[in-house]
>>> print(open('my_file-v9.json').read())   # JSON, C-alpha atoms
[["chain", "number", "residue", "atom", "x", "y", "z"],
["A", 1, "MET", "CA", 101.76, 64.18, 108.80],
["A", 2, "CYS", "CA", 100.49, 67.54, 107.58],
["A", 3, "GLU", "CA", 102.73, 70.09, 105.98],
["A", 4, "VAL", "CA", 104.02, 72.92, 108.14],
["A", 5, "LYS", "CA", 102.23, 76.18, 107.44],
["A", 6, "TYR", "CA", 104.23, 79.38, 107.27],
["A", 7, "LEU", "CA", 102.76, 82.71, 108.33],
["A", 8, "TYR", "CA", 104.10, 85.91, 106.84],
["A", 9, "PHE", "CA", 103.80, 89.10, 108.88],
["A", 10, "PRO", "CA", 103.36, 91.98, 106.40],
["A", 11, "ILE", "CA", 105.08, 95.25, 107.32],
["A", 12, "ASN", "CA", 104.81, 98.51, 105.43],
["A", 13, "LYS", "CA", 107.94, 99.77, 103.68],
["A", 14, "CYS", "CA", 109.86, 96.51, 104.03],
["A", 15, "GLY", "CA", 109.48, 95.19, 100.49],
["A", 16, "ASN", "CA", 106.02, 93.92, 101.42],
["A", 17, "THR", "CA", 104.40, 94.30, 97.98],
["A", 18, "SER", "CA", 107.28, 92.59, 96.18],
["A", 19, "PHE", "CA", 107.61, 89.71, 98.62],
["A", 20, "LYS", "CA", 103.88, 89.00, 98.58],
["A", 21, "LYS", "CA", 104.06, 88.48, 94.82],
["A", 22, "ILE", "CA", 106.48, 85.63, 95.46],
["A", 23, "PHE", "CA", 104.82, 84.15, 98.52],
["A", 24, "GLU", "CA", 101.38, 83.98, 96.88],
["A", 25, "LYS", "CA", 102.74, 81.29, 94.52],
["A", 26, "TYR", "CA", 103.13, 78.90, 97.45],
["A", 27, "ASN", "CA", 100.21, 77.20, 99.18],
["A", 28, "HIS", "CA", 102.11, 76.58, 102.41],
["A", 29, "ILE", "CA", 102.59, 80.32, 103.06],
["A", 30, "VAL", "CA", 99.68, 82.24, 104.56],
["A", 31, "ILE", "CA", 99.66, 85.93, 103.62],
["A", 32, "PRO", "CA", 97.27, 87.79, 105.93],
["A", 33, "ASN", "CA", 96.39, 91.46, 105.75],
["A", 34, "LEU", "CA", 96.21, 94.16, 108.38],
["A", 35, "ASN", "CA", 92.80, 95.45, 107.39],
["A", 36, "LEU", "CA", 89.91, 95.47, 109.79],
["A", 37, "ASN", "CA", 87.86, 92.54, 108.57],
["A", 38, "ASN", "CA", 86.20, 89.58, 110.23],
["A", 39, "ASP", "CA", 87.85, 86.79, 108.28],
["A", 40, "GLU", "CA", 90.05, 84.74, 110.61],
["A", 41, "ASN", "CA", 91.85, 83.26, 107.62],
["A", 42, "GLN", "CA", 92.78, 86.66, 106.22],
["A", 43, "ASN", "CA", 93.44, 88.98, 109.14],
["A", 44, "LEU", "CA", 96.72, 88.80, 111.08],
["A", 45, "HIS", "CA", 95.17, 90.04, 114.32],
["A", 46, "LEU", "CA", 92.37, 87.47, 114.20],
["A", 47, "LEU", "CA", 94.94, 84.72, 113.64],
["A", 48, "LYS", "CA", 96.68, 85.45, 116.96],
["A", 49, "LYS", "CA", 95.04, 82.58, 118.80],
["A", 50, "ASN", "CA", 96.44, 80.22, 116.16],
["A", 51, "PHE", "CA", 99.95, 81.64, 115.94],
["A", 52, "ASP", "CA", 101.43, 78.52, 117.53],
["A", 53, "LYS", "CA", 100.24, 76.45, 114.56],
["A", 54, "PHE", "CA", 102.54, 78.31, 112.18],
["A", 55, "TYR", "CA", 106.19, 78.91, 111.51],
["A", 56, "LYS", "CA", 106.10, 82.69, 111.67],
["A", 57, "PHE", "CA", 108.43, 85.06, 109.81],
["A", 58, "ALA", "CA", 108.82, 88.76, 109.15],
["A", 59, "ILE", "CA", 111.02, 90.96, 107.00],
["A", 60, "ILE", "CA", 112.10, 94.24, 108.57],
["A", 61, "LYS", "CA", 114.21, 97.25, 107.70],
["A", 62, "HIS", "CA", 116.18, 99.82, 109.72],
["A", 63, "PRO", "CA", 113.67, 102.36, 111.09],
["A", 64, "LEU", "CA", 115.46, 105.33, 109.53],
["A", 65, "ASN", "CA", 115.62, 103.60, 106.15],
["A", 66, "ARG", "CA", 111.92, 102.79, 106.44],
["A", 67, "LEU", "CA", 111.09, 106.41, 107.24],
["A", 68, "ILE", "CA", 113.18, 107.81, 104.38],
["A", 69, "SER", "CA", 111.57, 105.31, 102.00],
["A", 70, "ALA", "CA", 108.11, 106.27, 103.25],
["A", 71, "ILE", "CA", 108.72, 110.01, 102.88],
["A", 72, "ASN", "CA", 110.01, 109.50, 99.34],
["A", 73, "MET", "CA", 106.83, 107.55, 98.58],
["A", 74, "PHE", "CA", 104.67, 110.33, 100.02],
["A", 75, "ILE", "CA", 106.45, 112.86, 97.79],
["A", 76, "THR", "CA", 106.17, 110.61, 94.73],
["A", 77, "ASN", "CA", 102.43, 110.20, 95.42],
["A", 78, "LYS", "CA", 102.11, 113.99, 95.82],
["A", 79, "LEU", "CA", 100.84, 113.78, 99.39],
["A", 80, "ILE", "CA", 103.60, 116.15, 100.46],
["A", 81, "THR", "CA", 106.40, 118.06, 98.74],
["A", 82, "MET", "CA", 110.10, 118.52, 99.31],
["A", 83, "ASP", "CA", 109.23, 121.94, 100.71],
["A", 84, "ASN", "CA", 106.98, 120.63, 103.46],
["A", 85, "TRP", "CA", 108.22, 117.06, 104.06],
["A", 86, "LYS", "CA", 108.84, 117.77, 107.75],
["A", 87, "ILE", "CA", 105.07, 117.78, 108.28],
["A", 88, "VAL", "CA", 105.51, 114.01, 108.49],
["A", 89, "PHE", "CA", 107.07, 114.45, 111.96],
["A", 90, "ASP", "CA", 103.97, 116.30, 113.21],
["A", 91, "ILE", "CA", 101.74, 113.53, 111.91],
["A", 92, "MET", "CA", 103.95, 110.84, 113.46],
["A", 93, "LYS", "CA", 103.70, 112.45, 116.89],
["A", 94, "ASN", "CA", 99.95, 111.73, 116.93],
["A", 95, "HIS", "CA", 100.23, 108.19, 115.58],
["A", 96, "GLU", "CA", 98.29, 106.60, 118.46],
["A", 97, "ASN", "CA", 95.03, 108.00, 117.12],
["A", 98, "TYR", "CA", 95.32, 106.93, 113.51],
["A", 99, "ASN", "CA", 92.40, 105.15, 111.85],
["A", 100, "LEU", "CA", 93.28, 102.12, 109.75],
["A", 101, "THR", "CA", 90.15, 102.35, 107.66],
["A", 102, "ASN", "CA", 90.37, 106.03, 106.74],
["A", 103, "LYS", "CA", 91.90, 107.05, 103.43],
["A", 104, "ASN", "CA", 92.89, 110.58, 104.37],
["A", 105, "MET", "CA", 96.49, 111.73, 104.07],
["A", 106, "ASN", "CA", 97.26, 111.86, 107.79],
["A", 107, "ASP", "CA", 96.11, 108.30, 108.46],
["A", 108, "TYR", "CA", 97.97, 107.02, 105.41],
["A", 109, "ILE", "CA", 101.18, 108.69, 106.58],
["A", 110, "LYS", "CA", 100.72, 107.51, 110.17],
["A", 111, "ARG", "CA", 100.24, 103.92, 109.08],
["A", 112, "HIS", "CA", 103.38, 103.88, 106.95],
["A", 113, "THR", "CA", 105.56, 105.43, 109.65],
["A", 114, "LEU", "CA", 104.42, 103.35, 112.63],
["A", 115, "PRO", "CA", 107.25, 101.62, 114.51],
["A", 116, "LEU", "CA", 107.93, 97.95, 113.85],
["A", 117, "THR", "CA", 106.95, 97.43, 117.48],
["A", 118, "SER", "CA", 103.49, 98.93, 116.93],
["A", 119, "PRO", "CA", 100.64, 96.56, 117.86],
["A", 120, "LEU", "CA", 99.51, 96.84, 114.23],
["A", 121, "TYR", "CA", 102.29, 94.49, 113.11],
["A", 122, "CYS", "CA", 101.82, 91.87, 115.89],
["A", 123, "LEU", "CA", 105.57, 91.21, 116.15],
["A", 124, "LEU", "CA", 105.58, 91.45, 119.95],
["A", 125, "ASN", "CA", 103.49, 89.98, 122.73],
["A", 126, "ASP", "CA", 102.35, 91.82, 125.87],
["A", 127, "LYS", "CA", 105.77, 91.23, 127.44],
["A", 128, "ASN", "CA", 107.57, 92.88, 124.51],
["A", 129, "GLU", "CA", 108.91, 89.51, 123.39],
["A", 130, "ILE", "CA", 109.25, 88.79, 119.68],
["A", 131, "VAL", "CA", 106.59, 86.28, 118.67],
["A", 132, "VAL", "CA", 107.85, 85.41, 115.20],
["A", 133, "ASP", "CA", 110.25, 82.52, 114.70],
["A", 134, "LEU", "CA", 112.35, 84.25, 112.05],
["A", 135, "VAL", "CA", 113.14, 87.96, 111.64],
["A", 136, "VAL", "CA", 115.00, 88.81, 108.46],
["A", 137, "LYS", "CA", 116.69, 92.19, 108.12],
["A", 138, "LEU", "CA", 116.37, 93.49, 104.58],
["A", 139, "GLU", "CA", 119.72, 95.27, 104.82],
["A", 140, "ASN", "CA", 121.72, 92.05, 105.05],
["A", 141, "ILE", "CA", 119.32, 89.44, 103.71],
["A", 142, "ASN", "CA", 120.77, 86.23, 102.27],
["A", 143, "TYR", "CA", 118.03, 85.26, 99.82],
["A", 144, "LYS", "CA", 119.21, 81.69, 99.31],
["A", 145, "GLN", "CA", 119.25, 80.96, 103.05],
["A", 146, "PHE", "CA", 116.00, 82.81, 103.64],
["A", 147, "PHE", "CA", 114.10, 81.09, 100.83],
["A", 148, "ASN", "CA", 115.41, 77.68, 101.89],
["A", 149, "LYS", "CA", 114.25, 78.41, 105.43],
["A", 150, "ILE", "CA", 110.69, 79.10, 104.33],
["A", 151, "LYS", "CA", 110.68, 76.24, 101.80],
["A", 152, "ILE", "CA", 110.45, 78.15, 98.55],
["A", 153, "ASN", "CA", 112.53, 78.06, 95.38],
["A", 154, "GLU", "CA", 115.91, 79.59, 96.18],
["A", 155, "ASN", "CA", 116.12, 80.89, 92.62],
["A", 156, "GLU", "CA", 113.01, 83.06, 92.87],
["A", 157, "ILE", "CA", 113.55, 86.49, 91.37],
["A", 158, "ILE", "CA", 112.42, 89.37, 93.55],
["A", 159, "PRO", "CA", 110.02, 91.55, 91.54],
["A", 160, "PHE", "CA", 111.01, 94.76, 93.27],
["A", 161, "GLU", "CA", 108.87, 97.61, 92.04],
["A", 162, "ASN", "CA", 110.05, 100.65, 93.93],
["A", 163, "LYS", "CA", 108.31, 103.42, 92.02],
["A", 164, "SER", "CA", 109.32, 106.13, 94.46],
["A", 165, "GLU", "CA", 111.93, 108.65, 93.43],
["A", 166, "LYS", "CA", 114.86, 109.23, 95.78],
["A", 167, "TYR", "CA", 114.10, 112.82, 96.74],
["A", 168, "LEU", "CA", 115.21, 112.61, 100.34],
["A", 169, "THR", "CA", 118.33, 111.13, 101.96],
["A", 170, "ILE", "CA", 119.71, 111.11, 105.46],
["A", 171, "ASN", "CA", 121.59, 114.29, 104.54],
["A", 172, "ASN", "CA", 118.30, 116.18, 104.60],
["A", 173, "PHE", "CA", 117.85, 115.41, 108.31],
["A", 174, "SER", "CA", 119.05, 117.92, 110.86],
["A", 175, "GLU", "CA", 120.44, 116.78, 114.19],
["A", 176, "ASP", "CA", 117.06, 117.60, 115.78],
["A", 177, "ASN", "CA", 115.28, 115.54, 113.10],
["A", 178, "LEU", "CA", 117.53, 112.57, 113.78],
["A", 179, "ASN", "CA", 117.12, 112.87, 117.54],
["A", 180, "PHE", "CA", 113.34, 112.80, 117.11],
["A", 181, "VAL", "CA", 113.53, 109.77, 114.81],
["A", 182, "TYR", "CA", 115.83, 107.86, 117.15],
["A", 183, "GLU", "CA", 113.56, 108.56, 120.12],
["A", 184, "TYR", "CA", 110.41, 107.72, 118.17],
["A", 185, "TYR", "CA", 111.87, 104.39, 117.02],
["A", 186, "LYS", "CA", 113.86, 103.73, 120.20],
["A", 187, "LYS", "CA", 112.00, 100.53, 121.00],
["A", 188, "ASP", "CA", 112.55, 99.25, 117.44],
["A", 189, "LEU", "CA", 116.27, 99.93, 117.65],
["A", 190, "ILE", "CA", 116.60, 98.11, 120.97],
["A", 191, "ILE", "CA", 114.38, 95.09, 120.36],
["A", 192, "PHE", "CA", 115.60, 94.41, 116.84],
["A", 193, "ASN", "CA", 119.22, 95.27, 117.63],
["A", 194, "TYR", "CA", 119.74, 98.09, 115.16],
["A", 195, "ASP", "CA", 122.47, 100.71, 115.45],
["A", 196, "LYS", "CA", 121.38, 104.31, 115.15],
["A", 197, "ILE", "CA", 123.88, 105.01, 112.41],
["A", 198, "LEU", "CA", 123.11, 103.61, 108.97],
["A", 199, "ASN", "CA", 125.88, 101.59, 107.34]]
>>> encode(input="my_file-v9.json", output="structure tokens")
Amino acid sequence: MCEVKYLYFPINKCGNTSFKKIFEKYNHIVIPNLNLNNDENQNLHLLKKNFDKFYKFAIIKHPLNRLISAINMFITNKLITMDNWKIVFDIMKNHENYNLTNKNMNDYIKRHTLPLTSPLYCLLNDKNEIVVDLVVKLENINYKQFFNKIKINENEIIPFENKSEKYLTINNFSEDNLNFVYEYYKKDLIIFNYDKILN
């Protein structure tokens, strides 16, 4: 009887870089990418026809937390400043037309602010049903239970490397900003059962 294969669904701004450093130690976990390549063993989208052969899991984070984390990263990387951070909203509004292969600032920002329910992340099927077997919320993750579930050492140490400064908090958002964010991520909030208000 062959060993069950586990398929990780990588999502930007959900601890993806840190978790991949752990998962890559284990042969039973497949870590695909979201790049446009033709390798069926490497690309999440090209693996779709084989999804049923895997135990599928994803790690997510509250949409507002993801957005704040992304904006702080953009500021740290000098793509934007604290004076013009609201330009991110204008870029988000045109997210449908982003190009995954381009390296320009707008496409980079669009990619990192896409909703969890974006087709990029493959978490939903055409009926808006969650296709992964396990969705773990980073806000209330129980590492021991999670690691046991995906058959890795429960004593693994998470090599979190958040190099972004905390420039921005929810206090920087006006009521209009928050209303835009909640509308933009409305589908995320509903499907993944998140409250609007951060705890």
>>> closest_atom_pairs(input="my_file-v9.json", of="segment 61-177 of chain A", to="segment 5-10 of chain A", cutoff="12 Å", atoms="all atoms listed in the file", output="Markdown table")
| residue | atom | partner | partner_atom | distance |
| --- | --- | --- | --- | --- |
| A:His112 | CA | A:Pro10 | CA | 11.9 |
| A:Leu116 | CA | A:Pro10 | CA | 10.6 |
| A:Leu120 | CA | A:Pro10 | CA | 10.0 |
| A:Tyr121 | CA | A:Phe9 | CA | 7.0 |
| A:Cys122 | CA | A:Phe9 | CA | 7.8 |
| A:Leu123 | CA | A:Phe9 | CA | 7.8 |
| A:Leu124 | CA | A:Phe9 | CA | 11.5 |
| A:Val131 | CA | A:Phe9 | CA | 10.6 |
| A:Val132 | CA | A:Phe9 | CA | 8.4 |
| A:Asp133 | CA | A:Leu7 | CA | 9.8 |
| A:Leu134 | CA | A:Tyr8 | CA | 9.9 |
| A:Val135 | CA | A:Phe9 | CA | 9.8 |
| A:Val136 | CA | A:Phe9 | CA | 11.2 |
| A:Phe147 | CA | A:Tyr6 | CA | 11.9 |
| A:Lys149 | CA | A:Tyr6 | CA | 10.2 |
| A:Ile150 | CA | A:Tyr6 | CA | 7.1 |
| A:Lys151 | CA | A:Tyr6 | CA | 9.0 |
| A:Ile152 | CA | A:Tyr6 | CA | 10.8 |
>>> closest_residue(input="my_file-v9.json", among="A:Asn65, A:Asn94, A:Asn153, A:Asn43", to="Arg111 of chain A", atoms="all atoms listed in the file")
A:Asn94
>>> residues_around(input="my_file-v9.json", residues="Met73 of chain A", least_positions_apart="3", cutoff="10 Å", atoms="only C-alpha atoms", output="MDAnalysis selection string")
chainID A and resid 13 67:70 76:80 109 112 162:168
>>> closest_residue(input="my_file-v9.json", among="A:Asn125, A:Pro63, A:Ile71, A:Asn33", to="Asn84 of chain A", atoms="only C-alpha atoms")
A:Ile71
>>> atom_distance(input="my_file-v9.json", atom1="atom CA of Ile170 of chain A", atom2="atom CA of Pro115 of chain A")
18.1 Å
>>> atom_distance(input="my_file-v9.json", atom1="atom CA of Ser18 of chain A", atom2="atom CA of Asp188 of chain A")
22.9 Å
>>> closest_residue(input="my_file-v9.json", among="A:Ile60, A:Leu114, A:Ile11, A:Ile75", to="Lys93 of chain A", atoms="only C-alpha atoms")
A:Leu114
>>> residues_around(input="my_file-v9.json", residues="Asn171 of chain A", least_positions_apart="6", cutoff="12 Å", atoms="all atoms listed in the file", output="list in words")
Leu64, Ile68, Asn177, Leu178 and Leu198 of chain A
>>> atom_distance(input="my_file-v9.json", atom1="atom CA of Met92 of chain A", atom2="atom CA of Thr113 of chain A")
6.8 Å
>>> residues_around(input="my_file-v9.json", residues="Ile141 of chain A", least_positions_apart="3", cutoff="12 Å", atoms="all atoms listed in the file", output="list in words")
Cys14, Gly15, Ala58, Ile59, Ile60, Lys61, Val135, Val136, Lys137, Leu138, Lys144, Gln145, Phe146 and Phe147 of chain A
>>> residues_near_point(input="my_file-v9.json", point="(100.1, 81.7, 121.7)", cutoff="12 Å", atoms="all atoms listed in the file", output="PyMOL selection string")
chain A and resi 47-54+56+122+124-126+129-132
>>> residues_around(input="my_file-v9.json", residues="Asn179 of chain A", least_positions_apart="6", cutoff="12 Å", atoms="all atoms listed in the file", output="JSON, numbers by chain")
{"A": [64, 89, 173, 185, 186, 196, 197]}
